[in-house]
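Here the structure comes first, spelled out in structure tokens, and everything after it is commentary.
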Amino acid sequence: MRMIFLLLLAVGYLQPGNLMADEAFVQESRAMIKAYAQALRDELQAAIEEGGPIHAISVCSDKAPTIADDLSQSPQWRIGRTSHKLRNPANAPDEWEGMVLDDFQQRAAAGEPIGEIERVEIIESDGGQTYRYMKAIPVGEVCLTCHGVDLDAELKAKIDAVYPEDQATGFALGELRGAFTVTKTPTD
């Protein structure tokens with residue numbers, strides 16, 4: 001039995017944290033991410049309709065953090081986005097998120113549908129349990145405008161002005177863009 005468990009763990013069918021994860025946290029995390037993604041999509045579409053893709057840059061730089069703050073249910077909750085190919089350095093992955101992004105890349109390369117890739121883990125520390133959840137973000141059609149291969153020159157110049165260290169271009173439809181991340185820390 002132990003050998004089967006280790007084999008399943010080794011091939012990625014079981015994640016160590018998934019065996020202990022609190023289902024209520026997972027459901028809340030999924031709902032928060034769904035609301036976050038929908039709010040971002042709505043804001044981006046409205047900005048594009050109002051002033052084109054250049055106008056939409058401010059949604060990710062200014063409105064996305066506000067939306068994330070509004071969706072966080074208490075000081076113990078944090079929702080955000082991260083990636084290995086960053087546009088905004090403030091979204092850099094922490095150590096755990098970086099490890100999970102690596103795992104997501106491997107799982108996507110192995111053929112797992114990106115829209116279904118997720119990971120949940122409970123991390124034990126002296127301060128108690130910290131719940132961590134990440135959900136992969138696939139590159140959608142609207143994403144290609146600002147994150148694709150052939151960007152409009154004026155748009156690229158604006159992105160470079162707002163994000164001088166931008167690494168978040170060159171994506172193709174359906175690739176792994178990054179991940180939504182949710183953290184719930186223990187209360188004092």
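Ordered as shown in the structure tokens, chains take letters A, B, and onward, while each chain numbers its residues from 1 and ligands are numbered from 1 in the order shown.
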
**Message:** For region 145-147 of chain A, find every residue with an atom within 8 Å (counting only C-alpha atoms), except residues of its own chain fewer than 5 positions away, and show them as JSON, numbers by chain.
**Reply:** {"A": [53, 155, 156, 168, 169, 170, 171]}

For N, CA and C atoms, I'd like the residues from the last selection saved as a CSV table (one decimal), in the first residue's frame.
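Result file selection-v6.csv:
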chain,number,residue,atom,x,y,z
A,53,PRO,N,-6.8,48.9,-26.3
A,53,PRO,CA,-5.9,48.2,-25.4
A,53,PRO,C,-5.0,49.0,-24.5
A,155,LEU,N,1.2,50.2,-28.3
A,155,LEU,CA,0.9,49.5,-27.1
A,155,LEU,C,2.1,49.0,-26.3
A,156,LYS,N,3.1,48.4,-27.1
A,156,LYS,CA,4.3,47.9,-26.5
A,156,LYS,C,5.1,49.1,-25.8
A,168,ALA,N,6.4,39.7,-19.6
A,168,ALA,CA,5.1,39.0,-19.9
A,168,ALA,C,4.6,39.1,-21.3
A,169,THR,N,5.4,38.9,-22.3
A,169,THR,CA,5.0,38.8,-23.6
A,169,THR,C,5.5,37.6,-24.3
A,170,GLY,N,5.0,37.3,-25.5
A,170,GLY,CA,5.5,36.1,-26.2
A,170,GLY,C,4.6,34.9,-26.0
A,171,PHE,N,3.5,35.1,-25.4
A,171,PHE,CA,2.6,33.9,-25.1
A,171,PHE,C,1.7,33.6,-26.3

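Residue neighbourhood of Gly98 (chain A), excluding near-sequence residues (fewer than 2 positions): Arg81, Thr82, Ser83, His84, Lys85, Leu86, Asn91, Ala92, Pro93, Asp94, Glu95, Trp96, Val100, Leu101, Asp102, Asp103, Phe104, Gln105, Met134, Gly178, Ala179 and Thr181 of chain A, at 12 Å, using only C-alpha atoms.
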
**Asked** Just asking: which residues within region 28-162 of chain A are strand (DSSP E) according to DSSP, as a list in words?
**Response** Trp77, Arg78, Ile79, Gly80, Arg81, Thr82, Glu118, Arg119, Val120, Glu121, Ile122, Ile123, Glu124, Ser125, Gly128, Gln129, Thr130, Tyr131, Arg132, Tyr133, Met134, Lys135, Ala136, Ile137 and Pro138 of chain A

Dump as an mmCIF file, in the first residue's frame, selection limited to C-alpha atoms:
data_model
loop_
_atom_site.group_PDB
_atom_site.id
_atom_site.type_symbol
_atom_site.label_atom_id
_atom_site.label_comp_id
_atom_site.auth_asym_id
_atom_site.auth_seq_id
_atom_site.Cartn_x
_atom_site.Cartn_y
_atom_site.Cartn_z
ATOM 1 C CA TRP A 77 -7.062 36.300 3.441
ATOM 2 C CA ARG A 78 -4.936 37.390 0.464
ATOM 3 C CA ILE A 79 -5.742 36.863 -3.214
ATOM 4 C CA GLY A 80 -3.533 37.774 -6.131
ATOM 5 C CA ARG A 81 -1.842 36.707 -9.342
ATOM 6 C CA THR A 82 1.695 35.535 -9.960
ATOM 7 C CA GLU A 118 -4.749 23.600 -9.222
ATOM 8 C CA ARG A 119 -2.925 22.934 -5.971
ATOM 9 C CA VAL A 120 -3.915 23.234 -2.342
ATOM 10 C CA GLU A 121 -1.740 22.750 0.680
ATOM 11 C CA ILE A 122 -1.856 23.362 4.404
ATOM 12 C CA ILE A 123 1.489 24.518 5.746
ATOM 13 C CA GLU A 124 2.186 23.912 9.403
ATOM 14 C CA SER A 125 4.302 26.395 11.372
ATOM 15 C CA GLY A 128 -0.538 27.526 13.155
ATOM 16 C CA GLN A 129 -1.832 26.386 9.791
ATOM 17 C CA THR A 130 -1.558 28.510 6.663
ATOM 18 C CA TYR A 131 -3.841 27.470 3.819
ATOM 19 C CA ARG A 132 -2.414 27.931 0.313
ATOM 20 C CA TYR A 133 -4.254 27.505 -2.989
ATOM 21 C CA MET A 134 -3.244 28.196 -6.577
ATOM 22 C CA LYS A 135 -5.182 27.878 -9.833
ATOM 23 C CA ALA A 136 -3.460 27.991 -13.222
ATOM 24 C CA ILE A 137 -4.342 30.773 -15.658
ATOM 25 C CA PRO A 138 -4.435 29.767 -19.330
#

**Message:** With DSSP run on the backbone, what are the alpha helix (DSSP H) residues within region 2-187 of chain A? I'd like them as a PyMOL selection string.
**Reply:** chain A and resi 2-10+23-51+53-58+64-71+95-109+144-147+153-162

**Prompt:** Of the candidates A:Val139, A:Ala108, A:Ala31, A:Ile57, which one gets nearest to Ala157 (chain A) if we count only C-alpha atoms?
**Reply:** A:Ile57

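CA of Asp62 (chain A) is found 12.3 Å from CA of Tyr163 (chain A).
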
**Message:** At a cut-off of 12 Å, using only C-alpha atoms, what residues contact Thr66 (chain A)? Leave out same-chain residues fewer than 6 positions from it and give the result as a ChimeraX atom specification.
**Reply:** /A:36,39-40,43,58-60,72,78-80

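Shortest separation to Glu165 (chain A) among A:Ala64, A:Ile33, A:Leu71, A:Ala90 occurs at residue A:Ala90, atoms counted being only C-alpha atoms.
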
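One finds CA of Ala56 (chain A) at 5.5 Å from CA of Leu44 (chain A).
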
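Distance annotation: of A:Gln167, A:Val162, A:Val149, A:Leu173, the residue with the minimal separation from His55 (chain A) is A:Val162; atom set is only C-alpha atoms.
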